[in-house]
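Colleague: Right, I'll just put the structure down here and ask away after.
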Amino acid sequence: MKHILFISLAALAITAYGCGEPKLKTASVDRVLKAMTLEEKVHLVIGTGMAGFSGDNAAVGATKSIVPGAAGTTYPIERLGIPSIVLADGPAGLRIDPTREGDENTYYCTHFPIGTLLASTWNQELVESVGQAMGEEVHEYGADVYLAPALNIHRHPLNGRNFEYYSEDPVLAGKTAAAYVRGVQKNDVGTSVKHFAYNNQETNRTGNNAIISPRAQREIYLKGFEITVKEADPWTIMSSYNKINGTYTSQSYDLLTTVLRDEWGFKGLVMTDWFGGDDGAQQIAAGNDMLQPGTDKQYEQIMEALKDGSLTEAQLDVCVKRVLELVKRSPNVKGYAYSNKPDLEGHAAVTRKSALEGMVLLENNGVLPLKEVKNVAVFGCTSYDFIAGGTGSGNVNRAYTVSLLDGLKNAGFNVDDSQKGAVLKHIADKEAAFRASLGNDSFAVFFPAPRPSEFIPSPVQLAASAKANDVAIITFGRNSGEFFDRSAADFELSAKERELLDKVAAAFHTQGKKVVVVLNIGGVIETASWKSIPDAVLLAWQAGQEGGNSVTDILSGIESPSGKLPMTFPVNLMDAASSANFPIDADAGVYFLDRRKDIGQKDVDQTDYAEGIYVGYRWFDKQDLAVSYPFGYGLSYTSFEYSHPSVQNDGSTVTAKVTVKNIGSFEGKESVQLYASAPAGKLDKPVKELKAYAKTASLKPGESQELTLCFPVSGLASFDEEASAWVVDEGTYSFLFGASSRDIRCTATAEIAGSEMQVNRVLLKE
C-alpha cells in the first residue's frame, strides 16, 4: 500500500512540474528564475534587437516576427517555456504594419484622437472608454504591452511631442493618463507609461541634461506619473532618454527605485525607451529592468560588470524576476487566440464621437452652429489634407482619414471644391520634393513633410466664391512629431496663411458672409494677433481618422462643443517662462536631431528649468500677464450658471460641491475646475492650483446638476526642499470653482490643519 502511494505521489509531482525543466506557464516565477543560467538571465533583460540597425545597435538575438511592425519583443528561452512577448507603439492607436508580405489581409488600426484632444475633454470616463477601444485592438492583433500613454508636462509650446502629452498641469495630465491606463488594461494587456521623466524637448533628447530642482520635479514633472501609478497600476513604465541633474533617467536609482518603487509602491516593470541610456549595467543596477530594443553592447556591459563585481547577480535577479512576471501575465503565455479582427467599425464610431468633447470653441460671433447654411466654401491646404495625428512612433497606420471637405459633404453641405485639383497637386508636389531630399535616411519614415505653403485663389475666384456661398471655412494645420521641436516661426501664422485669412475674410465680409477658422494642430500657436478677423475659431486639434466628420458634427450643431484648454495660449512666445531656456531659433525650420550642427549651444546639451514650479498658468498668474486664452478656457453654444458652492474637510479628504445650471438655449456639457489658493506660509506658492475637476452630463436648457469634486488633503502640500518633506500649511484655504483659470464663478473656504510628510532626499541638483 505504501509502495502504491509513493508511485502516486511521484506521478503527481511529474504532472505538476512536467518532465525536465520548469515551464513559465505552470511553474512559479521563483522556480523558473532558479533554473536559469547566468547567460539566460542577461539575455532576458535585453530585447531581441531592431531590424535595420548595426554596430552598437545590433540585435542580441533573433526571434520570428510575431506582429510585423511592432516596436519590439522580449527575449525567448524555449527550454523554460519563456516566449517572446510583443511591445507595440501608441498612444493615439496601435502602430503595426498594415500589410504583410504574401498575405492579402490588411491589419489597419484605428487612429484615435491625440493626447491634447483627450485632455481637452476633461472627462475621465470618456478617456477610459477610448482606452478600452485601443486595448481591444492591442489584444486582438496579438500584442502584449502597449507603449502608451505619454504624459510629460507641456513645459514649452514648441516641444515636438506635446501632441502625445496632455497638459501643462500635472493633475489634469495624471488623471487623464490614469483613465487611459485603466481603459486599455481592461483588455488583459499592459501599458507602458512614458517617458519617465522630464522629456520636455526633442532637441538632443538622447543627451540633454535637464537641470531641475527637487521641488519642481516633485510638484510638476513627477506628480502626473505618481497619480497614474497609484490610481491605475500600469503594468510597465518607460524611462526617458534625457538625463536628470547629470544622470540618465534609465540609470537613476533615485528615480526608478527610491521614488517610483519605495515611495509610490510601483510593482511592475521598467523598460528603457528604444536605445536609451549609455550603460546597460548601470541601468540594471538602477532598477531599469528591461533594455529595449536590445544590443550586443548592452549584453557585454552587463556580463563585464558581473565579472568585476560592480553588478551582483542578486541585483540582476531582481530585474529578471520582474521580466518573468510581466511575461507570465501576458496574453501570449495565457494562450490567448487573438483574431486579427478587432472591431474597427465600432472603434471608428468611438473616435468620431470622443473627438467632439475635446474640440475647443475659441471664438464665436454668432456664426456657429451652421444653421440654415447650405453652401460652404473651404480654403487652406489642410481642409483637403486633414491631419489625423502626429508622426514618429505616435503615428497610426489607418485605412483612411476623413478630410474636412469630405466631412462637410457627408453631412449634406454643398461644398465649393472648385480648387480641389489645384490644391491637391500643390500638396503632392511639396511632399514629393521633401521625400526626395531625405534620400535613404533610415529614420525617414518617421519624418513629417513640412506643411505646404498656402494656395491662394485669385481675387476673381474669391469674389465669385463669396457671392455663391453662405460661409467660408479656412483650415490651418501644423505638424507634430517625434524627433523635432517646432521652430519659433511655426508658432505664428506664416505670411501666406495670414494673406489667405485676410483675403478670404475681406471677400466674404464684403458680401455680408461669415468666416470660420478651424485649427487642425497638435499644440499651441499664436492667436492674439488675428483671432478677431474671423467670425469663429474652432480648435479641432488632431482628431484621428474621423477628423473631418467630427469637426462637421461640431460646426453643424449635432453636439455643442464642451472642450476646454489643457494649456495656456500666450500672447507672445517669449511670455512663457520656459522660453528663456528652450532651444529656440526664430529663423529655423524643423530641426531633425541627427542633422543638428549646434550641439554644445545653450539648452541643447543642458537645459536649466530655471522657472521652477512656475509652468503654464502658474507663471502667467504669478506675473499677472495677459494671455490669448487661459488654461481651462472653452466656449459652448449655450451658457452655464454656477451656484451653491461648498467645501468640507474631514481631515483626510476635501469634498467640494457646486450646482451647474444650463441657462442657455442649447443642450450641452460643462467642465468645472476646482482651484485652491493657499494661505501665506514658508514657501512661495502659485496664486492658485488645479486640484480636481468634473464634467456634467449633457444638460438640457434649464436643467441643473450638482457636481462633487474630491481630492486628498495631502494634495494641498508643497514640497519643502530644506526639510525634504511634503508640507501642508495650516490655515484658511480658498477654493475657486472656475470655468477657466481666469473665469472663477464662485468660491468657498475651509480650514485645513497643518501636516508634514518626510520623503527621501534624492534627485538633487548638481
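Here, A, B, ... name the chains of the C-alpha cells in the order displayed, residue numbers run from 1 inside each chain, and ligands are numbered from 1 in the same displayed order.
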Counting only C-alpha atoms, which residues of range 601-646 of chain A sit at most 12 Å from some atom of range 530-541 of chain A, and what is each one's closest atom pair with its distance in Å to one decimal, listed by chain and rising residue number, as a tab-separated table?

Modeller:
residue	atom	partner	partner_atom	distance
A:Ser628	CA	A:Lys531	CA	9.1
A:Tyr629	CA	A:Lys531	CA	10.7
A:Tyr633	CA	A:Leu539	CA	11.5
A:Gly634	CA	A:Leu539	CA	9.5
A:Leu635	CA	A:Leu538	CA	9.6
A:Ser636	CA	A:Leu538	CA	10.9
A:Tyr637	CA	A:Ala536	CA	11.9

Colleague: Please provide as a list in words all residues within 6 Å of range 268-270 of chain A, with the sequence filter that same-chain residues fewer than 5 positions apart are discarded (counting only C-alpha atoms).

Modeller: Trp235, Thr236, Ile237, Met238, Asn288, Asp289 and Arg322 of chain A

Colleague: Take the selection from the previous step and output its residues with all heavy atoms, as a CSV table (one decimal), in the first residue's frame.

Modeller:
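Output file part_5.csv is given in full below:
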chain,number,residue,atom,x,y,z
A,235,TRP,N,1.1,48.2,-16.0
A,235,TRP,CA,2.0,47.0,-15.9
A,235,TRP,C,3.4,47.5,-16.0
A,235,TRP,O,4.3,46.9,-15.4
A,235,TRP,CB,1.7,46.1,-17.1
A,235,TRP,CG,0.4,45.4,-17.1
A,235,TRP,CD1,-0.6,45.6,-16.2
A,235,TRP,CD2,0.1,44.2,-17.8
A,235,TRP,NE1,-1.6,44.6,-16.5
A,235,TRP,CE2,-1.2,43.8,-17.5
A,235,TRP,CE3,0.8,43.5,-18.8
A,235,TRP,CZ2,-1.8,42.7,-18.0
A,235,TRP,CZ3,0.2,42.4,-19.4
A,235,TRP,CH2,-1.1,42.0,-19.0
A,236,THR,N,3.7,48.5,-16.8
A,236,THR,CA,5.1,48.9,-17.0
A,236,THR,C,5.2,50.4,-17.1
A,236,THR,O,4.3,51.1,-17.3
A,236,THR,CB,5.8,48.3,-18.3
A,236,THR,OG1,5.3,49.1,-19.4
A,236,THR,CG2,5.4,46.9,-18.5
A,237,ILE,N,6.4,50.9,-16.9
A,237,ILE,CA,6.8,52.3,-17.0
A,237,ILE,C,8.0,52.3,-18.0
A,237,ILE,O,8.9,51.5,-18.0
A,237,ILE,CB,7.3,52.9,-15.7
A,237,ILE,CG1,6.1,52.9,-14.7
A,237,ILE,CG2,7.8,54.3,-15.9
A,237,ILE,CD1,5.0,53.9,-14.9
A,238,MET,N,8.1,53.4,-18.9
A,238,MET,CA,9.2,53.5,-19.8
A,238,MET,C,10.0,54.7,-19.3
A,238,MET,O,9.5,55.8,-19.3
A,238,MET,CB,8.7,53.7,-21.2
A,238,MET,CG,9.8,53.9,-22.2
A,238,MET,SD,9.3,54.4,-23.9
A,238,MET,CE,8.3,52.9,-24.3
A,288,ASN,N,16.2,49.6,-13.8
A,288,ASN,CA,15.6,49.6,-15.1
A,288,ASN,C,15.6,48.2,-15.7
A,288,ASN,O,16.7,47.7,-16.1
A,288,ASN,CB,16.3,50.6,-16.1
A,288,ASN,CG,15.6,50.9,-17.3
A,288,ASN,OD1,15.2,52.1,-17.5
A,288,ASN,ND2,15.2,49.9,-18.1
A,289,ASP,N,14.5,47.5,-15.5
A,289,ASP,CA,14.5,46.0,-15.6
A,289,ASP,C,14.8,45.5,-17.0
A,289,ASP,O,15.3,44.4,-17.2
A,289,ASP,CB,13.2,45.5,-15.2
A,289,ASP,CG,12.8,46.0,-13.8
A,289,ASP,OD1,13.5,45.7,-12.8
A,289,ASP,OD2,11.8,46.8,-13.8
A,322,ARG,N,11.2,40.5,-12.5
A,322,ARG,CA,10.1,41.4,-13.0
A,322,ARG,C,9.8,41.1,-14.5
A,322,ARG,O,8.7,41.2,-14.9
A,322,ARG,CB,10.6,42.8,-12.8
A,322,ARG,CG,10.6,43.3,-11.3
A,322,ARG,CD,11.0,44.7,-11.2
A,322,ARG,NE,11.3,45.1,-9.8
A,322,ARG,CZ,12.3,45.8,-9.3
A,322,ARG,NH1,13.1,46.3,-10.2
A,322,ARG,NH2,12.4,46.1,-8.1

Colleague: Taking the DSSP secondary structure from the backbone, can you list the residues of range 383-578 of chain A that are helix (DSSP H, G or I), as a count of residues only?

Modeller: 78

Colleague: Which value, in Å to one decimal, gives the distance between CA of Pro113 in chain A and CA of Thr351 in chain A?

Modeller: 6.5 Å

Colleague: Give me, as a list in words, all polymer residues having an atom no more than 12 Å from Phe640 in chain A, counting only C-alpha atoms and skipping those fewer than 6 positions away in the same chain.

Modeller: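 Skipping anything fewer than 6 positions along the chain leaves Ser562, Thr659, Val660, Lys661, Asn662, Ile663, Gly664, Ser665, Phe666, Glu667, Gly668, Lys669, Glu670, Ser671, Val672, Thr696, Ser698, Leu699, Lys700, Pro701, Gly702, Glu703, Ser704, Gln705, Gly738, Ala739 and Arg745 of chain A.
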
Colleague: Mind writing the picked residues with N, CA and C atoms as a PDB file, in the first residue's frame?

Modeller:
ATOM      1  N   SER A 562     -17.675  71.191 -25.945  1.00  0.00           N
ATOM      2  CA  SER A 562     -17.509  71.246 -24.485  1.00  0.00           C
ATOM      3  C   SER A 562     -16.056  71.092 -24.077  1.00  0.00           C
ATOM      4  N   THR A 659     -23.407  73.562  -7.886  1.00  0.00           N
ATOM      5  CA  THR A 659     -24.521  73.282  -8.789  1.00  0.00           C
ATOM      6  C   THR A 659     -24.323  74.046 -10.090  1.00  0.00           C
ATOM      7  N   VAL A 660     -24.475  73.343 -11.200  1.00  0.00           N
ATOM      8  CA  VAL A 660     -24.319  73.926 -12.527  1.00  0.00           C
ATOM      9  C   VAL A 660     -25.674  73.867 -13.237  1.00  0.00           C
ATOM     10  N   LYS A 661     -26.087  75.001 -13.786  1.00  0.00           N
ATOM     11  CA  LYS A 661     -27.374  75.079 -14.490  1.00  0.00           C
ATOM     12  C   LYS A 661     -27.164  75.586 -15.911  1.00  0.00           C
ATOM     13  N   ASN A 662     -27.794  74.931 -16.859  1.00  0.00           N
ATOM     14  CA  ASN A 662     -27.777  75.372 -18.255  1.00  0.00           C
ATOM     15  C   ASN A 662     -28.792  76.501 -18.388  1.00  0.00           C
ATOM     16  N   ILE A 663     -28.309  77.716 -18.577  1.00  0.00           N
ATOM     17  CA  ILE A 663     -29.208  78.876 -18.665  1.00  0.00           C
ATOM     18  C   ILE A 663     -29.329  79.385 -20.098  1.00  0.00           C
ATOM     19  N   GLY A 664     -28.821  78.601 -21.061  1.00  0.00           N
ATOM     20  CA  GLY A 664     -28.920  78.980 -22.466  1.00  0.00           C
ATOM     21  C   GLY A 664     -30.033  78.227 -23.172  1.00  0.00           C
ATOM     22  N   SER A 665     -29.933  78.169 -24.483  1.00  0.00           N
ATOM     23  CA  SER A 665     -30.994  77.565 -25.288  1.00  0.00           C
ATOM     24  C   SER A 665     -30.528  76.339 -26.065  1.00  0.00           C
ATOM     25  N   PHE A 666     -29.322  75.823 -25.753  1.00  0.00           N
ATOM     26  CA  PHE A 666     -28.749  74.690 -26.482  1.00  0.00           C
ATOM     27  C   PHE A 666     -28.309  73.654 -25.455  1.00  0.00           C
ATOM     28  N   GLU A 667     -28.548  72.397 -25.697  1.00  0.00           N
ATOM     29  CA  GLU A 667     -28.095  71.343 -24.790  1.00  0.00           C
ATOM     30  C   GLU A 667     -26.575  71.262 -24.804  1.00  0.00           C
ATOM     31  N   GLY A 668     -25.973  71.019 -23.635  1.00  0.00           N
ATOM     32  CA  GLY A 668     -24.520  70.946 -23.607  1.00  0.00           C
ATOM     33  C   GLY A 668     -23.962  70.492 -22.270  1.00  0.00           C
ATOM     34  N   LYS A 669     -22.630  70.288 -22.245  1.00  0.00           N
ATOM     35  CA  LYS A 669     -21.911  69.850 -21.051  1.00  0.00           C
ATOM     36  C   LYS A 669     -20.968  70.954 -20.590  1.00  0.00           C
ATOM     37  N   GLU A 670     -20.680  70.952 -19.292  1.00  0.00           N
ATOM     38  CA  GLU A 670     -19.764  71.946 -18.727  1.00  0.00           C
ATOM     39  C   GLU A 670     -18.741  71.260 -17.833  1.00  0.00           C
ATOM     40  N   SER A 671     -17.474  71.635 -18.002  1.00  0.00           N
ATOM     41  CA  SER A 671     -16.401  71.144 -17.138  1.00  0.00           C
ATOM     42  C   SER A 671     -16.114  72.180 -16.063  1.00  0.00           C
ATOM     43  N   VAL A 672     -16.170  71.750 -14.832  1.00  0.00           N
ATOM     44  CA  VAL A 672     -15.916  72.635 -13.691  1.00  0.00           C
ATOM     45  C   VAL A 672     -14.539  72.325 -13.123  1.00  0.00           C
ATOM     46  N   THR A 696     -20.223  67.794 -16.223  1.00  0.00           N
ATOM     47  CA  THR A 696     -21.638  67.471 -16.102  1.00  0.00           C
ATOM     48  C   THR A 696     -22.060  66.477 -17.177  1.00  0.00           C
ATOM     49  N   SER A 698     -24.921  65.816 -20.183  1.00  0.00           N
ATOM     50  CA  SER A 698     -25.449  66.755 -21.169  1.00  0.00           C
ATOM     51  C   SER A 698     -26.742  67.348 -20.626  1.00  0.00           C
ATOM     52  N   LEU A 699     -26.686  68.637 -20.306  1.00  0.00           N
ATOM     53  CA  LEU A 699     -27.814  69.307 -19.661  1.00  0.00           C
ATOM     54  C   LEU A 699     -28.686  70.002 -20.695  1.00  0.00           C
ATOM     55  N   LYS A 700     -29.973  69.757 -20.616  1.00  0.00           N
ATOM     56  CA  LYS A 700     -30.922  70.471 -21.464  1.00  0.00           C
ATOM     57  C   LYS A 700     -31.108  71.884 -20.933  1.00  0.00           C
ATOM     58  N   PRO A 701     -31.568  72.807 -21.761  1.00  0.00           N
ATOM     59  CA  PRO A 701     -31.827  74.171 -21.272  1.00  0.00           C
ATOM     60  C   PRO A 701     -32.702  74.156 -20.021  1.00  0.00           C
ATOM     61  N   GLY A 702     -32.246  74.862 -18.993  1.00  0.00           N
ATOM     62  CA  GLY A 702     -32.964  74.921 -17.728  1.00  0.00           C
ATOM     63  C   GLY A 702     -32.635  73.814 -16.755  1.00  0.00           C
ATOM     64  N   GLU A 703     -31.878  72.800 -17.191  1.00  0.00           N
ATOM     65  CA  GLU A 703     -31.563  71.656 -16.335  1.00  0.00           C
ATOM     66  C   GLU A 703     -30.327  71.940 -15.488  1.00  0.00           C
ATOM     67  N   SER A 704     -30.320  71.394 -14.257  1.00  0.00           N
ATOM     68  CA  SER A 704     -29.216  71.598 -13.318  1.00  0.00           C
ATOM     69  C   SER A 704     -28.624  70.261 -12.884  1.00  0.00           C
ATOM     70  N   GLN A 705     -27.382  70.311 -12.418  1.00  0.00           N
ATOM     71  CA  GLN A 705     -26.729  69.137 -11.847  1.00  0.00           C
ATOM     72  C   GLN A 705     -25.758  69.575 -10.768  1.00  0.00           C
ATOM     73  N   GLY A 738     -14.077  77.254 -11.182  1.00  0.00           N
ATOM     74  CA  GLY A 738     -13.843  78.038 -12.383  1.00  0.00           C
ATOM     75  C   GLY A 738     -14.308  77.386 -13.659  1.00  0.00           C
ATOM     76  N   ALA A 739     -14.735  78.230 -14.610  1.00  0.00           N
ATOM     77  CA  ALA A 739     -14.958  77.796 -15.986  1.00  0.00           C
ATOM     78  C   ALA A 739     -13.645  77.849 -16.750  1.00  0.00           C
ATOM     79  N   ARG A 745     -16.157  81.414 -11.055  1.00  0.00           N
ATOM     80  CA  ARG A 745     -17.586  81.695 -10.939  1.00  0.00           C
ATOM     81  C   ARG A 745     -18.064  81.812  -9.496  1.00  0.00           C
TER      82      ARG A 745
END

Colleague: How close does each residue of range 497-577 of chain A get to range 114-119 of chain A, giving the shortest atom pair and distance in Å to one decimal for every residue with an atom at most 9 Å away, counting only C-alpha atoms, sorted by chain and residue number, as a tab-separated table?

Modeller:
residue	atom	partner	partner_atom	distance
A:Gly522	CA	A:Thr116	CA	6.9
A:Gly523	CA	A:Thr116	CA	7.4
A:Ala540	CA	A:Leu117	CA	8.0
A:Trp541	CA	A:Leu117	CA	6.0
A:Gln542	CA	A:Ile114	CA	6.0
A:Ala543	CA	A:Ile114	CA	6.4
A:Gly544	CA	A:Ile114	CA	6.9
A:Gly563	CA	A:Leu117	CA	8.1
A:Lys564	CA	A:Ala119	CA	8.5
A:Leu565	CA	A:Ala119	CA	8.1
A:Pro566	CA	A:Ala119	CA	6.2
A:Met567	CA	A:Thr116	CA	8.9

Colleague: Please indicate the distance in Å from CA of Leu404 in chain A to CA of Glu492 in chain A, rounded to one decimal place.

Modeller: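 It comes out at 22.3 Å.
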
Colleague: Which polymer residues have any atom within 10 Å of an atom of Ala92 in chain A, counting only C-alpha atoms, with same-chain residues fewer than 3 positions away left out, as a list in words?

Modeller: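 Answer for this query is Asp89, Arg95, Thr110, His111, Phe112, Pro113, Ile114, Gly115, Leu118, Val130, Gly131, Met134, Ala148, Pro149, Ala150, Phe163, Glu164, Ala388, Gly389, Gly390, Ser393, Gly394, Asn395, Val396, Ala543 and Gly544 of chain A.
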
Colleague: Pull C-alpha atoms from the residues just selected and write them as a PDB file, in the first residue's frame.

Modeller:
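The resulting result_31.pdb:
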ATOM      1  CA  ASP A  89       3.744  51.659 -30.109  1.00  0.00           C
ATOM      2  CA  ARG A  95       1.146  51.127 -34.592  1.00  0.00           C
ATOM      3  CA  THR A 110      -7.880  52.920 -35.647  1.00  0.00           C
ATOM      4  CA  HIS A 111      -6.300  56.340 -35.357  1.00  0.00           C
ATOM      5  CA  PHE A 112      -7.894  57.822 -32.252  1.00  0.00           C
ATOM      6  CA  PRO A 113      -7.657  61.498 -31.162  1.00  0.00           C
ATOM      7  CA  ILE A 114      -4.276  62.753 -29.959  1.00  0.00           C
ATOM      8  CA  GLY A 115      -3.397  63.328 -26.306  1.00  0.00           C
ATOM      9  CA  LEU A 118      -8.258  63.726 -24.949  1.00  0.00           C
ATOM     10  CA  VAL A 130     -11.283  55.358 -25.634  1.00  0.00           C
ATOM     11  CA  GLY A 131      -8.509  53.443 -23.877  1.00  0.00           C
ATOM     12  CA  MET A 134      -7.492  50.900 -28.068  1.00  0.00           C
ATOM     13  CA  ALA A 148       1.405  54.312 -24.047  1.00  0.00           C
ATOM     14  CA  PRO A 149       0.196  56.667 -22.635  1.00  0.00           C
ATOM     15  CA  ALA A 150       2.632  59.581 -22.780  1.00  0.00           C
ATOM     16  CA  PHE A 163       0.609  66.327 -29.169  1.00  0.00           C
ATOM     17  CA  GLU A 164       1.178  62.998 -27.374  1.00  0.00           C
ATOM     18  CA  ALA A 388      -5.158  62.827 -38.160  1.00  0.00           C
ATOM     19  CA  GLY A 389      -2.329  62.997 -35.630  1.00  0.00           C
ATOM     20  CA  GLY A 390       1.377  63.301 -35.058  1.00  0.00           C
ATOM     21  CA  SER A 393       6.177  56.339 -33.007  1.00  0.00           C
ATOM     22  CA  GLY A 394       2.875  58.118 -32.312  1.00  0.00           C
ATOM     23  CA  ASN A 395       1.642  57.645 -35.881  1.00  0.00           C
ATOM     24  CA  VAL A 396      -1.037  55.048 -36.647  1.00  0.00           C
ATOM     25  CA  ALA A 543      -8.915  64.271 -34.069  1.00  0.00           C
ATOM     26  CA  GLY A 544      -7.916  60.954 -35.592  1.00  0.00           C
TER      27      GLY A 544
END

Colleague: Choose the residue, out of A:Leu311, A:Leu690, A:Ala697, A:Ile85, that has the smallest atom-to-atom separation from Val171 in chain A; count only C-alpha atoms.

Modeller: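 The answer is A:Leu690, which sits nearest to Val171 in chain A.
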
Colleague: Out of A:Glu300, A:Asp650, A:Glu231, A:Asp317, which residue has the shortest atom-to-atom distance to Thr176 in chain A when counting only C-alpha atoms?

Modeller: A:Glu231

Colleague: So, with only C-alpha atoms as the atoms that count, which of A:Gly294, A:Gly277, A:Pro170, A:Gly102 lies closest to His43 in chain A?

Modeller: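 That would be A:Gly294, the residue with the smallest distance to His43 in chain A.
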
Colleague: How close does each residue of range 444-529 of chain A get to range 407-425 of chain A, giving the shortest atom pair and distance in Å to one decimal for every residue with an atom at most 8 Å away, counting only C-alpha atoms, sorted by chain and residue number, as CSV?

Modeller:
residue,atom,partner,partner_atom,distance
A:Phe455,CA,A:Val423,CA,6.4
A:Pro457,CA,A:Gln419,CA,7.9
A:Ser465,CA,A:Asp416,CA,7.7
A:Asn469,CA,A:Asp416,CA,7.7

Colleague: From the options A:Gly548, A:Pro630, A:Pro712, A:Gly246, which residue's atoms come nearest to Ala656 in chain A, counting only C-alpha atoms?

Modeller: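 Under the stated criterion, the closest residue is A:Pro712.
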
Colleague: My list of candidates is A:Val318, A:Ala178, A:Leu361, A:Ile220. Which is closest to Pro561 in chain A when distances are computed with only C-alpha atoms?

Modeller: A:Leu361

Colleague: As a list in words, please: every residue in range 319-468 of chain A that a backbone DSSP assignment puts in strand (DSSP E).

Modeller: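 These are the residues in question: Val360, Leu361, Leu362, Glu363, Asn364, Asn375, Val376, Ala377, Val378, Phe379, Asn414, Val415 and Asp416 of chain A.
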
Colleague: Using only C-alpha atoms, find each residue in range 113-171 of chain A having at least one atom no more than 10 Å away from range 183-193 of chain A; report its shortest atom-to-atom pair and that distance in Å (one decimal), rows by chain then rising number, as a tab-separated table.

Modeller:
residue	atom	partner	partner_atom	distance
A:Glu125	CA	A:Gly183	CA	9.1
A:Leu126	CA	A:Gly183	CA	9.5
A:Val127	CA	A:Gly183	CA	7.7
A:Glu128	CA	A:Gly183	CA	4.4
A:Ser129	CA	A:Gly183	CA	5.9
A:Val130	CA	A:Gly183	CA	7.0
A:Gly131	CA	A:Gly183	CA	4.3
A:Gln132	CA	A:Gly183	CA	4.1
A:Ala133	CA	A:Val184	CA	7.3
A:Met134	CA	A:Val184	CA	6.2
A:Gly135	CA	A:Val184	CA	4.2
A:Glu136	CA	A:Asn187	CA	5.9
A:Glu137	CA	A:Asn187	CA	9.2
A:Val138	CA	A:Val189	CA	7.3
A:His139	CA	A:Val189	CA	6.4
A:Glu140	CA	A:Asn187	CA	9.5
A:Gly142	CA	A:Val189	CA	9.7
A:Ala143	CA	A:Val189	CA	7.8
A:Asp144	CA	A:Val189	CA	5.3
A:Val145	CA	A:Gly190	CA	4.4
A:Tyr146	CA	A:Thr191	CA	4.8
A:Leu147	CA	A:Ser192	CA	4.7
A:Ala148	CA	A:Ser192	CA	5.1
A:Pro149	CA	A:Val193	CA	5.1
A:Ala150	CA	A:Val193	CA	6.0
A:Leu151	CA	A:Val193	CA	7.5
A:Asn152	CA	A:Val193	CA	9.8

Colleague: Report as a list in words all protein, DNA and RNA residues lying within 9 Å of Gln648 in chain A, evaluated on only C-alpha atoms, omitting residues in the same chain fewer than 3 positions from it.

Modeller: Thr653, Val654, Thr655, Ala656, Lys657, Thr749, Ala750 and Glu751 of chain A

Colleague: Generate a file of the selected residues that holds N, CA, C and O atoms, formatted as a tab-separated table (two decimals), in the first residue's frame.

Modeller:
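Writing done, so here's out.tsv:
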chain	number	residue	atom	x	y	z
A	653	THR	N	-9.90	64.09	3.41
A	653	THR	CA	-10.41	64.37	2.08
A	653	THR	C	-11.12	65.72	2.05
A	653	THR	O	-11.90	66.04	2.96
A	654	VAL	N	-10.83	66.49	1.01
A	654	VAL	CA	-11.57	67.72	0.75
A	654	VAL	C	-12.69	67.38	-0.23
A	654	VAL	O	-12.44	66.81	-1.29
A	655	THR	N	-13.93	67.70	0.15
A	655	THR	CA	-15.08	67.42	-0.71
A	655	THR	C	-15.76	68.74	-1.05
A	655	THR	O	-16.27	69.44	-0.16
A	656	ALA	N	-15.74	69.08	-2.32
A	656	ALA	CA	-16.33	70.33	-2.79
A	656	ALA	C	-17.56	70.01	-3.64
A	656	ALA	O	-17.59	69.01	-4.36
A	657	LYS	N	-18.58	70.88	-3.53
A	657	LYS	CA	-19.79	70.70	-4.32
A	657	LYS	C	-20.20	72.02	-4.93
A	657	LYS	O	-19.99	73.09	-4.35
A	749	THR	N	-14.53	78.53	1.33
A	749	THR	CA	-13.31	78.41	2.12
A	749	THR	C	-13.42	77.22	3.07
A	749	THR	O	-14.51	76.73	3.37
A	750	ALA	N	-12.27	76.77	3.54
A	750	ALA	CA	-12.23	75.69	4.52
A	750	ALA	C	-10.96	75.81	5.33
A	750	ALA	O	-9.92	76.27	4.82
A	751	GLU	N	-11.04	75.41	6.58
A	751	GLU	CA	-9.87	75.38	7.46
A	751	GLU	C	-9.15	74.05	7.27
A	751	GLU	O	-9.77	72.99	7.26
